[in-house]
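Undergrad: Got model_11.txt for you, compact mmCIF, C-alpha atoms:
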```
# COMPACT_ATOMS: atom_id res chain seq x y z
CA MET A 1 -19.65 14.63 23.10
CA ASN A 2 -17.56 11.70 24.30
CA GLU A 3 -15.61 12.91 27.35
CA ARG A 4 -12.33 11.63 25.97
CA ALA A 5 -12.82 13.73 22.85
CA ARG A 6 -13.20 17.02 24.71
CA PRO A 7 -10.26 19.27 23.74
CA GLU A 8 -9.79 20.55 27.28
CA THR A 9 -9.45 17.06 28.79
CA VAL A 10 -7.91 14.94 26.07
CA GLY A 11 -4.30 15.68 27.00
CA THR A 12 -4.59 14.46 30.57
CA THR A 13 -6.76 11.44 29.82
CA LEU A 14 -4.72 9.98 26.97
CA GLU A 15 -1.37 10.07 28.74
CA LYS A 16 -2.63 7.20 30.91
CA SER A 17 -4.46 5.35 28.15
CA ALA A 18 -3.86 1.60 27.75
CA PHE A 19 -3.62 1.95 23.94
CA PHE A 20 -0.12 1.07 22.68
CA MET A 21 -0.27 2.90 19.34
CA PRO A 22 1.32 1.30 16.27
CA PHE A 23 4.05 3.11 14.31
CA SER A 24 3.65 6.12 16.62
CA MET A 25 5.67 8.14 19.10
CA ASN A 26 3.39 7.17 21.97
CA ARG A 27 4.66 9.52 24.68
CA HIS A 28 4.95 12.47 22.34
CA PHE A 29 1.51 11.88 20.82
CA LYS A 30 -0.37 11.33 24.07
CA LYS A 31 0.90 14.63 25.47
CA ALA A 32 -0.55 16.55 22.51
CA PRO A 33 -2.95 14.24 20.66
CA ARG A 34 -4.16 14.82 17.13
CA LEU A 35 -7.61 13.26 17.04
CA VAL A 36 -10.39 12.97 14.50
CA SER A 37 -13.90 11.94 15.44
CA ARG A 38 -15.69 11.71 12.11
CA ALA A 39 -15.08 11.85 8.37
CA GLU A 40 -16.97 12.53 5.18
CA GLY A 41 -15.78 12.61 1.58
CA LEU A 42 -12.34 14.19 1.44
CA TYR A 43 -12.31 15.47 4.98
CA TYR A 44 -11.68 14.44 8.55
CA TYR A 45 -13.19 16.41 11.41
CA ALA A 46 -11.52 16.91 14.77
CA PRO A 47 -13.53 16.67 18.01
CA ASP A 48 -13.60 20.48 18.18
CA GLY A 49 -15.16 20.63 14.70
CA ARG A 50 -12.02 21.60 12.78
CA LYS A 51 -11.97 20.36 9.18
CA LEU A 52 -8.87 18.60 7.78
CA ILE A 53 -8.41 17.64 4.16
CA ASP A 54 -7.23 14.04 3.92
CA GLY A 55 -4.05 14.27 1.92
CA THR A 56 -3.16 10.58 2.10
CA SER A 57 -6.48 8.71 1.86
CA GLY A 58 -6.13 7.73 5.50
CA LEU A 59 -3.26 5.26 5.16
CA TRP A 60 -3.35 5.07 1.35
CA CYS A 61 -6.65 3.20 1.58
CA VAL A 62 -9.82 5.34 1.45
CA ASN A 63 -9.80 5.65 -2.33
CA ALA A 64 -13.48 6.54 -2.75
CA GLY A 65 -13.57 9.03 0.11
CA HIS A 66 -14.90 8.59 3.61
CA CYS A 67 -18.25 7.21 4.80
CA ARG A 68 -19.69 6.50 1.38
CA LYS A 69 -23.42 5.85 1.76
CA LYS A 70 -23.59 2.81 -0.53
CA ILE A 71 -20.75 1.06 1.30
CA VAL A 72 -22.05 1.94 4.76
CA GLU A 73 -25.54 0.66 3.94
CA ALA A 74 -24.18 -2.58 2.47
CA VAL A 75 -22.28 -3.30 5.70
CA GLN A 76 -25.27 -2.39 7.86
CA LYS A 77 -27.50 -4.73 5.86
CA GLN A 78 -25.00 -7.59 5.94
CA VAL A 79 -24.32 -7.49 9.68
CA ALA A 80 -28.04 -7.97 10.30
CA ALA A 81 -28.24 -10.92 7.89
CA LEU A 82 -25.00 -12.92 8.38
CA ASP A 83 -22.42 -11.60 10.80
CA PHE A 84 -19.87 -14.41 10.39
CA ALA A 85 -19.36 -17.69 8.56
CA PRO A 86 -16.30 -19.96 8.93
CA PRO A 87 -14.21 -19.99 5.76
CA PHE A 88 -12.82 -23.51 6.33
CA GLN A 89 -14.96 -26.21 4.69
CA LEU A 90 -17.94 -23.84 4.67
CA GLY A 91 -18.83 -20.84 2.57
CA HIS A 92 -21.27 -18.01 2.02
CA PRO A 93 -22.42 -16.65 -1.36
CA LEU A 94 -20.76 -13.25 -1.10
CA ALA A 95 -17.28 -14.79 -0.86
CA PHE A 96 -17.63 -16.44 -4.26
CA GLU A 97 -19.41 -13.46 -5.79
CA PHE A 98 -16.71 -11.06 -4.63
CA ALA A 99 -13.85 -13.29 -5.76
CA ASP A 100 -15.39 -13.56 -9.22
CA LYS A 101 -15.91 -9.81 -9.35
CA LEU A 102 -12.30 -9.13 -8.44
CA ALA A 103 -11.02 -11.66 -10.96
CA SER A 104 -12.96 -9.85 -13.68
CA ILE A 105 -11.06 -6.63 -12.89
CA ALA A 106 -7.61 -8.15 -12.35
CA PRO A 107 -4.90 -8.24 -15.01
CA GLU A 108 -5.42 -10.98 -17.56
CA GLY A 109 -4.24 -14.37 -16.36
CA LEU A 110 -4.40 -13.62 -12.63
CA SER A 111 -7.67 -15.45 -12.30
CA LYS A 112 -7.71 -16.86 -8.78
CA VAL A 113 -8.16 -14.97 -5.48
CA PHE A 114 -7.13 -15.90 -1.92
CA PHE A 115 -8.69 -13.68 0.75
CA THR A 116 -6.80 -12.26 3.73
CA ASN A 117 -7.49 -9.46 6.19
CA SER A 118 -4.71 -6.97 5.49
CA GLY A 119 -1.78 -6.11 3.30
CA SER A 120 0.60 -7.76 5.75
CA GLU A 121 -1.37 -11.00 5.56
CA SER A 122 -1.54 -10.75 1.78
CA VAL A 123 2.25 -10.56 1.61
CA GLU A 124 2.68 -13.46 4.03
CA THR A 125 0.21 -15.48 1.97
CA ALA A 126 1.93 -14.69 -1.33
CA LEU A 127 5.34 -15.68 0.03
CA LYS A 128 3.96 -18.98 1.36
CA LEU A 129 2.16 -19.67 -1.91
CA ALA A 130 5.41 -19.11 -3.79
CA LEU A 131 7.33 -21.54 -1.58
CA ALA A 132 4.54 -24.11 -1.73
CA TYR A 133 4.21 -23.80 -5.50
CA HIS A 134 7.82 -24.75 -6.06
CA ARG A 135 7.59 -27.60 -3.56
CA VAL A 136 4.53 -29.25 -5.12
CA ARG A 137 6.31 -29.07 -8.49
CA GLY A 138 9.35 -30.89 -7.16
CA GLU A 139 11.53 -27.81 -6.69
CA GLY A 140 11.55 -27.65 -2.92
CA HIS A 141 15.13 -26.40 -3.05
CA ARG A 142 13.74 -22.98 -4.07
CA THR A 143 13.50 -21.42 -0.62
CA ARG A 144 15.20 -18.05 -0.95
CA LEU A 145 13.12 -14.84 -1.04
CA ILE A 146 14.35 -11.55 -2.52
CA GLY A 147 13.00 -8.16 -1.47
CA ARG A 148 14.36 -4.68 -2.13
CA GLU A 149 15.97 -1.94 -0.09
CA ARG A 150 13.47 0.72 1.05
CA GLY A 151 10.60 -1.63 0.22
CA TYR A 152 7.67 -2.06 2.58
CA HIS A 153 5.71 -5.30 2.71
CA GLY A 154 3.82 -5.08 5.98
CA VAL A 155 4.79 -6.15 9.46
CA ASN A 156 4.52 -9.93 9.73
CA PHE A 157 7.61 -12.12 9.87
CA GLY A 158 8.00 -12.70 6.14
CA GLY A 159 6.95 -9.20 5.14
CA THR A 160 9.34 -7.57 7.59
CA ALA A 161 12.16 -9.83 6.42
CA VAL A 162 11.74 -9.06 2.71
CA GLY A 163 11.05 -5.40 3.51
CA GLY A 164 13.94 -3.02 3.19
CA ILE A 165 13.22 -0.14 5.56
CA ALA A 166 15.99 -0.41 8.14
CA ALA A 167 14.08 1.23 10.99
CA ASN A 168 11.32 -1.37 10.68
CA ARG A 169 13.76 -4.28 10.84
CA LYS A 170 16.55 -3.57 13.28
CA ILE A 171 14.59 -3.98 16.54
CA PHE A 172 13.48 -7.50 15.57
CA GLY A 173 16.68 -9.10 14.29
CA ALA A 174 16.90 -11.45 11.32
CA LEU A 175 13.32 -12.86 11.56
CA VAL A 176 13.53 -15.18 8.53
CA ALA A 177 16.61 -16.89 7.08
CA GLY A 178 17.33 -17.09 3.38
CA VAL A 179 16.35 -13.53 2.47
CA ASP A 180 18.32 -11.02 0.42
CA HIS A 181 17.59 -7.62 -1.08
CA LEU A 182 17.97 -5.79 -4.37
CA ARG A 183 19.36 -2.28 -4.15
CA HIS A 184 16.77 0.49 -4.23
CA THR A 185 16.18 2.62 -7.33
CA HIS A 186 16.42 6.11 -5.82
CA ASP A 187 19.03 8.12 -7.71
CA LEU A 188 18.74 11.75 -6.65
CA ALA A 189 21.82 12.85 -8.57
CA ARG A 190 20.42 11.79 -11.96
CA ASN A 191 16.65 11.83 -11.47
CA ALA A 192 15.78 14.79 -9.22
CA PHE A 193 12.46 16.43 -10.09
CA ALA A 194 11.56 13.74 -12.62
CA ARG A 195 7.94 13.73 -13.74
CA GLY A 196 6.48 10.24 -13.78
CA GLN A 197 9.01 7.47 -14.36
CA PRO A 198 12.62 8.66 -14.18
CA LYS A 199 14.73 8.09 -17.28
CA HIS A 200 17.80 6.76 -15.51
CA GLY A 201 18.13 3.53 -13.56
CA VAL A 202 17.00 0.55 -15.62
CA GLU A 203 20.39 -0.96 -14.84
CA PHE A 204 19.41 -1.32 -11.18
CA ALA A 205 17.33 -4.34 -12.22
CA GLU A 206 20.58 -6.11 -13.09
CA ASP A 207 21.21 -6.37 -9.37
CA LEU A 208 18.91 -9.39 -9.51
CA GLU A 209 21.38 -11.12 -11.81
CA ARG A 210 24.07 -10.39 -9.22
CA LEU A 211 21.99 -12.08 -6.52
CA CYS A 212 21.28 -15.00 -8.83
CA ALA A 213 25.01 -15.47 -9.38
CA LEU A 214 25.66 -15.18 -5.66
CA HIS A 215 23.00 -17.61 -4.42
CA ASP A 216 22.36 -19.80 -7.51
CA PRO A 217 19.04 -18.91 -9.21
CA SER A 218 17.73 -22.45 -8.66
CA THR A 219 17.51 -21.67 -4.93
CA ILE A 220 15.38 -18.53 -5.35
CA ALA A 221 11.61 -18.93 -4.98
CA ALA A 222 10.36 -15.38 -5.49
CA VAL A 223 11.16 -11.72 -5.88
CA ILE A 224 8.75 -9.24 -4.31
CA VAL A 225 8.67 -5.53 -5.10
CA GLU A 226 6.20 -2.69 -4.98
CA PRO A 227 5.67 -1.28 -8.48
CA VAL A 228 5.95 2.10 -6.75
CA ALA A 229 7.67 1.99 -3.36
CA CYS A 230 5.29 4.33 -1.57
CA SER A 231 5.99 3.85 2.14
CA GLY A 232 9.73 4.12 1.55
CA GLY A 233 9.38 7.61 0.10
CA VAL A 234 7.45 7.24 -3.20
CA LEU A 235 10.21 5.76 -5.34
CA VAL A 236 8.92 5.55 -8.90
CA PRO A 237 10.48 2.77 -11.02
CA PRO A 238 12.84 3.91 -13.76
CA VAL A 239 11.74 3.39 -17.35
CA GLY A 240 12.29 -0.26 -18.27
CA TYR A 241 13.10 -1.40 -14.72
CA LEU A 242 10.03 -3.53 -14.03
CA GLU A 243 10.18 -5.02 -17.51
CA ARG A 244 13.76 -6.12 -16.90
CA LEU A 245 12.88 -7.67 -13.52
CA ARG A 246 10.16 -9.66 -15.27
CA GLU A 247 12.62 -10.87 -17.92
CA ILE A 248 15.18 -12.02 -15.36
CA CYS A 249 12.59 -13.81 -13.21
CA THR A 250 11.20 -15.62 -16.25
CA LYS A 251 14.68 -16.59 -17.38
CA HIS A 252 15.49 -18.24 -14.04
CA GLY A 253 12.07 -19.70 -13.17
CA ILE A 254 11.62 -17.26 -10.26
CA LEU A 255 8.14 -16.07 -9.33
CA LEU A 256 7.60 -12.31 -9.45
CA ILE A 257 5.29 -10.81 -6.84
CA PHE A 258 3.96 -7.27 -7.12
CA ASP A 259 2.91 -5.75 -3.82
CA GLU A 260 -0.01 -3.57 -4.93
CA VAL A 261 -1.50 -2.97 -1.50
CA ILE A 262 -1.23 0.77 -2.22
CA THR A 263 -1.13 1.02 -6.01
CA ALA A 264 -4.16 -1.15 -6.80
CA TRP A 265 -7.70 0.19 -7.16
CA GLY A 266 -7.15 3.20 -9.39
CA ARG A 267 -4.20 5.02 -7.83
CA LEU A 268 -2.30 5.17 -11.16
CA GLY A 269 -5.31 5.69 -13.43
CA LYS A 270 -5.83 1.97 -14.08
CA PRO A 271 -7.33 -0.71 -11.81
CA PHE A 272 -3.83 -2.03 -11.02
CA ALA A 273 -0.32 -0.67 -11.44
CA THR A 274 0.22 -3.90 -13.36
CA HIS A 275 -2.15 -2.50 -16.01
CA HIS A 276 -0.36 0.84 -16.07
CA PHE A 277 3.16 -0.55 -16.47
CA ASN A 278 2.01 -3.43 -18.67
CA VAL A 279 4.22 -5.84 -16.75
CA VAL A 280 2.43 -8.94 -15.45
CA PRO A 281 3.71 -10.65 -12.28
CA ASP A 282 2.83 -14.14 -11.08
CA LEU A 283 1.12 -12.96 -7.90
CA ILE A 284 -0.31 -9.62 -6.76
CA THR A 285 -0.96 -8.63 -3.16
CA THR A 286 -3.77 -6.18 -2.41
CA ALA A 287 -5.73 -4.76 0.53
CA LYS A 288 -6.58 -1.18 1.61
CA GLY A 289 -8.79 0.16 -1.21
CA ILE A 290 -10.32 -3.26 -1.85
CA THR A 291 -13.07 -2.31 0.64
CA ASN A 292 -12.32 1.42 0.76
CA ALA A 293 -10.90 0.54 4.21
CA THR A 294 -14.44 0.31 5.61
CA VAL A 295 -13.82 -3.26 6.82
CA PRO A 296 -10.31 -4.77 6.95
CA MET A 297 -9.61 -7.10 4.03
CA GLY A 298 -6.88 -8.21 1.66
CA ALA A 299 -6.55 -10.49 -1.32
CA VAL A 300 -3.82 -12.28 -3.25
CA PHE A 301 -4.29 -12.70 -6.99
CA MET A 302 -2.46 -15.56 -8.65
CA LYS A 303 -2.00 -16.92 -12.13
CA GLU A 304 -4.17 -19.85 -13.13
CA GLU A 305 -1.17 -22.16 -13.51
CA LEU A 306 -0.15 -21.54 -9.90
CA TYR A 307 -3.63 -22.45 -8.69
CA GLN A 308 -3.75 -25.56 -10.85
CA ALA A 309 -0.41 -26.76 -9.47
CA PHE A 310 -2.15 -27.22 -6.11
CA MET A 311 -5.12 -29.07 -7.63
CA GLN A 312 -3.25 -32.26 -8.56
CA GLY A 313 -3.77 -34.43 -5.45
CA PRO A 314 -6.84 -36.33 -4.20
CA GLU A 315 -10.05 -34.28 -4.25
CA LYS A 316 -10.67 -34.99 -0.57
CA ALA A 317 -7.29 -33.58 0.49
CA ILE A 318 -6.85 -29.97 1.61
CA GLU A 319 -4.81 -28.33 -1.13
CA MET A 320 -3.63 -25.28 0.82
CA PRO A 321 -3.22 -25.58 4.62
CA HIS A 322 -3.25 -21.84 5.06
CA GLY A 323 -5.89 -19.21 5.79
CA TYR A 324 -7.42 -17.01 8.44
CA THR A 325 -10.47 -17.11 10.69
CA TYR A 326 -11.72 -13.95 9.02
CA SER A 327 -10.82 -14.81 5.41
CA ALA A 328 -13.72 -13.69 3.18
CA HIS A 329 -15.57 -12.27 6.18
CA PRO A 330 -19.21 -11.53 5.21
CA LEU A 331 -18.97 -7.86 6.23
CA ALA A 332 -15.74 -7.40 4.28
CA CYS A 333 -17.22 -9.04 1.19
CA ALA A 334 -20.31 -6.82 1.42
CA ALA A 335 -18.13 -3.74 1.79
CA GLY A 336 -15.93 -4.87 -1.08
CA LEU A 337 -18.78 -5.49 -3.49
CA ALA A 338 -20.27 -2.09 -2.68
CA THR A 339 -16.85 -0.49 -3.08
CA MET A 340 -16.41 -1.99 -6.53
CA GLN A 341 -19.86 -0.71 -7.45
CA VAL A 342 -18.90 2.82 -6.37
CA TYR A 343 -15.64 2.57 -8.31
CA GLU A 344 -17.51 1.51 -11.44
CA GLU A 345 -20.40 3.97 -11.18
CA GLU A 346 -18.06 6.93 -10.66
CA GLY A 347 -15.25 5.77 -12.94
CA LEU A 348 -12.76 5.94 -10.08
CA LEU A 349 -10.52 3.15 -11.35
CA THR A 350 -9.58 5.29 -14.35
CA ARG A 351 -10.37 8.84 -13.15
CA VAL A 352 -6.79 9.62 -12.17
CA ALA A 353 -5.74 9.59 -15.82
CA ASP A 354 -7.59 12.89 -16.24
CA LEU A 355 -6.37 14.39 -12.95
CA TRP A 356 -2.74 13.36 -13.40
CA PRO A 357 -1.47 16.35 -15.47
CA TYR A 358 -3.01 18.95 -13.16
CA TRP A 359 -1.84 17.08 -10.04
CA GLU A 360 1.67 16.87 -11.49
CA GLU A 361 1.81 20.60 -12.22
CA GLN A 362 0.70 21.55 -8.73
CA ALA A 363 3.21 19.20 -7.15
CA HIS A 364 6.17 20.45 -9.18
CA ALA A 365 5.16 24.06 -8.59
CA LEU A 366 6.65 23.57 -5.11
CA LYS A 367 10.15 23.37 -6.61
CA GLY A 368 12.34 26.17 -5.32
CA LEU A 369 10.74 26.42 -1.89
CA PRO A 370 13.05 26.18 1.13
CA ASN A 371 14.61 22.76 1.76
CA VAL A 372 12.93 21.06 -1.21
CA ILE A 373 15.53 18.82 -2.88
CA ASP A 374 13.27 16.60 -4.98
CA ILE A 375 9.68 16.17 -6.13
CA ARG A 376 8.41 12.85 -7.49
CA ASN A 377 5.00 11.96 -8.85
CA ILE A 378 3.04 9.25 -10.57
CA GLY A 379 -0.72 8.89 -10.87
CA LEU A 380 -2.37 10.54 -7.88
CA ILE A 381 0.75 10.24 -5.74
CA ALA A 382 3.37 12.87 -5.03
CA ALA A 383 6.43 13.12 -2.82
CA ILE A 384 8.25 16.25 -1.71
CA GLU A 385 11.68 15.32 -0.38
CA LEU A 386 13.24 17.76 2.07
CA SER A 387 16.87 18.13 3.02
CA PRO A 388 17.41 16.60 6.46
CA ARG A 389 18.63 18.65 9.39
CA GLU A 390 22.17 17.89 10.38
CA GLY A 391 22.17 15.03 12.87
CA ALA A 392 18.38 14.86 12.94
CA VAL A 393 17.05 12.87 9.98
CA GLY A 394 13.27 12.94 10.00
CA ALA A 395 12.91 15.98 12.25
CA ARG A 396 12.00 18.36 9.43
CA GLY A 397 9.49 15.85 8.07
CA LEU A 398 7.84 15.49 11.47
CA ASP A 399 7.55 19.26 11.76
CA ALA A 400 5.87 19.34 8.37
CA HIS A 401 3.36 16.71 9.50
CA LEU A 402 2.53 18.62 12.69
CA LYS A 403 2.30 22.02 11.04
CA ALA A 404 0.06 20.64 8.29
CA PHE A 405 -2.34 19.28 10.89
CA GLU A 406 -2.44 22.68 12.57
CA ARG A 407 -3.30 24.25 9.21
CA GLY A 408 -6.05 21.81 8.31
CA ALA A 409 -4.38 19.00 6.34
CA TYR A 410 -3.53 15.42 7.17
CA ILE A 411 -0.36 14.32 5.36
CA ARG A 412 2.05 11.41 5.72
CA VAL A 413 5.81 11.65 5.98
CA ALA A 414 8.55 9.07 5.46
CA ALA A 415 11.57 10.47 7.26
CA ASP A 416 11.99 13.85 5.51
CA THR A 417 9.73 13.09 2.55
CA ILE A 418 6.15 14.34 2.47
CA ALA A 419 3.86 11.82 0.78
CA LEU A 420 0.53 12.83 -0.74
CA ALA A 421 -2.14 10.50 -2.14
CA PRO A 422 -5.66 11.88 -1.57
CA PRO A 423 -8.92 10.03 -2.29
CA LEU A 424 -9.60 9.53 -5.99
CA ILE A 425 -12.73 11.71 -5.77
CA ILE A 426 -10.65 14.87 -5.31
CA GLU A 427 -11.45 17.85 -7.57
CA ARG A 428 -9.08 20.53 -8.87
CA ALA A 429 -10.20 23.05 -6.25
CA GLN A 430 -9.34 20.58 -3.50
CA ILE A 431 -5.99 19.80 -5.12
CA ASP A 432 -5.33 23.54 -4.92
CA GLU A 433 -6.40 23.56 -1.28
CA LEU A 434 -4.08 20.68 -0.38
CA PHE A 435 -1.03 22.08 -2.15
CA ALA A 436 -1.67 25.60 -0.82
CA THR A 437 -1.47 24.18 2.70
CA VAL A 438 1.69 22.24 1.91
CA ARG A 439 3.21 25.38 0.38
CA GLU A 440 2.51 27.39 3.53
CA VAL A 441 3.98 24.63 5.69
CA LEU A 442 7.18 24.48 3.62
CA LYS A 443 7.64 28.22 3.97
CA THR A 444 7.60 27.93 7.76
CA LEU A 445 10.03 25.03 8.17
CA ALA A 446 13.39 25.85 9.63
```
What is this structure when it is put down as structure tokens?
TA:
Amino acid sequence: MNERARPETVGTTLEKSAFFMPFSMNRHFKKAPRLVSRAEGLYYYAPDGRKLIDGTSGLWCVNAGHCRKKIVEAVQKQVAALDFAPPFQLGHPLAFEFADKLASIAPEGLSKVFFTNSGSESVETALKLALAYHRVRGEGHRTRLIGRERGYHGVNFGGTAVGGIAANRKIFGALVAGVDHLRHTHDLARNAFARGQPKHGVEFAEDLERLCALHDPSTIAAVIVEPVACSGGVLVPPVGYLERLREICTKHGILLIFDEVITAWGRLGKPFATHHFNVVPDLITTAKGITNATVPMGAVFMKEELYQAFMQGPEKAIEMPHGYTYSAHPLACAAGLATMQVYEEEGLLTRVADLWPYWEEQAHALKGLPNVIDIRNIGLIAAIELSPREGAVGARGLDAHLKAFERGAYIRVAADTIALAPPLIIERAQIDELFATVREVLKTLA
């Protein structure tokens, strides 16, 4: 066993570790680390051998379960054949094969793919594409970007700016000028314990008309929203809300971007949330499940007319001066192609449609337990919102996270909201196991 993974030594060794952990309470964690050393299927395993059910697909990304043989072997084979190829003015066959494969799965009309390395980079790319699109069409005055309160769009400059989670923004200042935000759609008073899309709240989409009147719609380049705002607490869009956003954007010539970094690849019982809601944006950002998180990768899908707008100059001119060293990395493409094969062979892009009713029942069976003030669900996602402790928002949620780990479950929390989104391979017995653990945790929370 690796010395650092020994339970009796890990506490003292990690307190002095050089690793500055992201989105973590570094001092608190390093004093009492929660480590995993391997994974398989639906489970993580701690260094001491303890088994933990993965209640959140890692970070919403391991959709097909951990360490899938087909994906692992594809990466092993590729690293021995072609470890790297520059993506600028050079290519490798898998990049084109994977892009074509993805385009065949994407919503109709979103036929072109730009590769990135993460959800954050996908968002940054989509925002830049939107600005560039308007400029090459002679509308360079469209520079304003609209996000939404409680939205999460990664951690780069543009993504943080259009994001609407206050705690992620305040330490960095304004970041990017010309950004505004729609109000969020959470309405606890009218929609508590809604199943699927809440009935009330379509009128929140009209906030976009307010911002258009405030800024002049001809100055707005794009609106970016998550179809389901997962990181901000699993906020499911009210019935008719996304449709209305689409109508307003079309009316004013504003591009609509769906951030599907979490919701793509089968989470709602269809390949994309776009398919489920039947609302088609102009660009879609993806990452996470695109490779089952085996190798970092992201992709931006765009409508054909956006792509063609950049193809109007001389053939020997670079149409898009944007990209990354690791765009379409050979290992990521190999992992992605194998991931899509697993999804297809096992029906994982549509499997959630059958699991959804049972998952929903188990989630809402937690109603009435101590401190539970709301339960939300859609697809294979559920949120259990807890009442915050006075003067200590997030403390009860953190306790839930820690107690779940002690009892053999890895779960995510957003402040005082427990978020669940297990791998799509989960069976009913494992759904029972996960919710039984959450039930026991809720009973112990003060």
Undergrad: With a distance cut-off of 8 Å and only C-alpha atoms, select the neighbouring residues of A:Ser122, excluding the residue or stretch itself and same-chain residues fewer than 5 positions from it, and output the selection as a list in words.
TA: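 Residues near the query, excluding close chain neighbours: Phe115, Thr116, Asn117, Thr285, Thr286, Ala287, Gly298, Ala299 and Val300 of chain A.
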Undergrad: Looking at A:Leu420, A:Asn292, A:Arg351, A:Val136, which one is nearest to A:Gly313, with distances taken over all atoms listed in the file?
TA: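 Looking only at the distances to A:Gly313, the closest residue turns out to be A:Val136.
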Undergrad: Mind giving me the straight-line distance from atom CA of A:Glu149 to atom CA of A:Gly266 in Å, one decimal?
TA: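 Spanning atom CA of A:Glu149 to atom CA of A:Gly266 is a straight-line distance of 25.4 Å.
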Undergrad: Applying 10 Å and all atoms listed in the file, which residues near A:Ser327 remain after dropping the ones on its own chain fewer than 2 positions away? List them as a list in words.
TA: Ala85, Pro86, Pro87, Phe88, Ala95, Phe114, Phe115, Thr116, Asn117, Ser118, Met297, Gly298, Ala299, Gly323, Tyr324, Thr325, His329, Pro330, Ala332 and Cys333 of chain A
Undergrad: For the residues in that selection, give me C-alpha atoms as a PDB file, in the coordinates of the input.
TA:
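As written to disk, result-v1.pdb reads:
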```pdb
ATOM      1  CA  ALA A  85     -19.360 -17.690   8.560  1.00  0.00           C
ATOM      2  CA  PRO A  86     -16.300 -19.960   8.930  1.00  0.00           C
ATOM      3  CA  PRO A  87     -14.210 -19.990   5.760  1.00  0.00           C
ATOM      4  CA  PHE A  88     -12.820 -23.510   6.330  1.00  0.00           C
ATOM      5  CA  ALA A  95     -17.280 -14.790  -0.860  1.00  0.00           C
ATOM      6  CA  PHE A 114      -7.130 -15.900  -1.920  1.00  0.00           C
ATOM      7  CA  PHE A 115      -8.690 -13.680   0.750  1.00  0.00           C
ATOM      8  CA  THR A 116      -6.800 -12.260   3.730  1.00  0.00           C
ATOM      9  CA  ASN A 117      -7.490  -9.460   6.190  1.00  0.00           C
ATOM     10  CA  SER A 118      -4.710  -6.970   5.490  1.00  0.00           C
ATOM     11  CA  MET A 297      -9.610  -7.100   4.030  1.00  0.00           C
ATOM     12  CA  GLY A 298      -6.880  -8.210   1.660  1.00  0.00           C
ATOM     13  CA  ALA A 299      -6.550 -10.490  -1.320  1.00  0.00           C
ATOM     14  CA  GLY A 323      -5.890 -19.210   5.790  1.00  0.00           C
ATOM     15  CA  TYR A 324      -7.420 -17.010   8.440  1.00  0.00           C
ATOM     16  CA  THR A 325     -10.470 -17.110  10.690  1.00  0.00           C
ATOM     17  CA  HIS A 329     -15.570 -12.270   6.180  1.00  0.00           C
ATOM     18  CA  PRO A 330     -19.210 -11.530   5.210  1.00  0.00           C
ATOM     19  CA  ALA A 332     -15.740  -7.400   4.280  1.00  0.00           C
ATOM     20  CA  CYS A 333     -17.220  -9.040   1.190  1.00  0.00           C
TER      21      CYS A 333
END
```
Undergrad: Please compute the atom CA of A:Leu268-atom CA of A:Ile378 distance, one decimal, in Å.
TA: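 Separation between atom CA of A:Leu268 and atom CA of A:Ile378: 6.7 Å.
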Undergrad: For A:Gly151, please output as a ChimeraX atom specification all residues within 9 Å (counting only C-alpha atoms; exclusion window: fewer than 5 positions along the same chain).
TA: /A:162-165,184,225-226,229-232
Undergrad: Figure out the distance between atom CA of A:Ser387 and atom CA of A:Tyr43, please, to one decimal in Å.
TA: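 Interatomic distance, atom CA of A:Tyr43 to atom CA of A:Ser387: 29.4 Å.
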Undergrad: Between A:Leu175, A:Ala46, A:Ile257, A:Leu211, which one has atoms that come closest to A:Leu129, using all atoms listed in the file?
TA: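 Smallest distance to A:Leu129 is found for A:Ile257.
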Undergrad: Considering only C-alpha atoms, can you say which of A:Val234, A:Ala317, A:Val261, A:Ala382 comes closest to A:Arg150?
TA: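 So, comparing all the options, the nearest one is A:Val234.
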Undergrad: Give me the residues near A:Gly201 as a PyMOL selection string, where near means some atom within 10 Å (using all atoms listed in the file) and where sequence neighbours in that chain fewer than 3 positions away do not count.
TA: chain A and resi 184-187+190-191+197-198+204-206+237-241
Undergrad: Pick from A:Pro357, A:Pro321, A:Pro271, A:Gly233: nearest to A:Ala414, with only C-alpha atoms counted?
TA: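 Among the listed residues, the smallest separation from A:Ala414 belongs to A:Gly233.
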Undergrad: Give the answer as one residue: which of A:Val413, A:Ala174, A:Met340, A:Leu398 has the shortest atom-to-atom distance to A:Asp100, using only C-alpha atoms?
TA: A:Met340
Undergrad: Pick the closest to A:Glu385 from A:Tyr358, A:Thr417, A:Ala161, A:Ala189: which is it, counting all atoms listed in the file?
TA: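 Residue with the minimum atom-to-atom distance to A:Glu385: A:Thr417.
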Undergrad: Write out as a list of chain:residue names the residues lying within 7 Å of A:Gly394, counting all atoms listed in the file and excluding same-chain residues fewer than 6 positions away.
TA: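 What passes the distance filter is A:Pro388, A:Ala415, A:Asp416.
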Undergrad: For C-alpha atoms, I'd like the residues from the last selection saved as a short mmCIF file (atom, residue, chain, number, x, y, z; two decimals), in the coordinates of the input.
TA:
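Written file, again-v4.cif:
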```cif
data_model
loop_
_atom_site.label_atom_id
_atom_site.label_comp_id
_atom_site.auth_asym_id
_atom_site.auth_seq_id
_atom_site.Cartn_x
_atom_site.Cartn_y
_atom_site.Cartn_z
CA PRO A 388 17.41 16.60 6.46
CA ALA A 415 11.57 10.47 7.26
CA ASP A 416 11.99 13.85 5.51
#
```
Undergrad: With only C-alpha atoms counted, which protein, DNA or RNA residues have an atom no more than 9 Å from (7.4, -11.3, -8.8) in the file frame? Please answer as a list of chain:residue names.
TA: A:Ala222, A:Val223, A:Ile224, A:Val225, A:Leu245, A:Arg246, A:Cys249, A:Ile254, A:Leu255, A:Leu256, A:Ile257, A:Phe258, A:Asp259, A:Val280, A:Pro281, A:Asp282, A:Leu283, A:Ile284
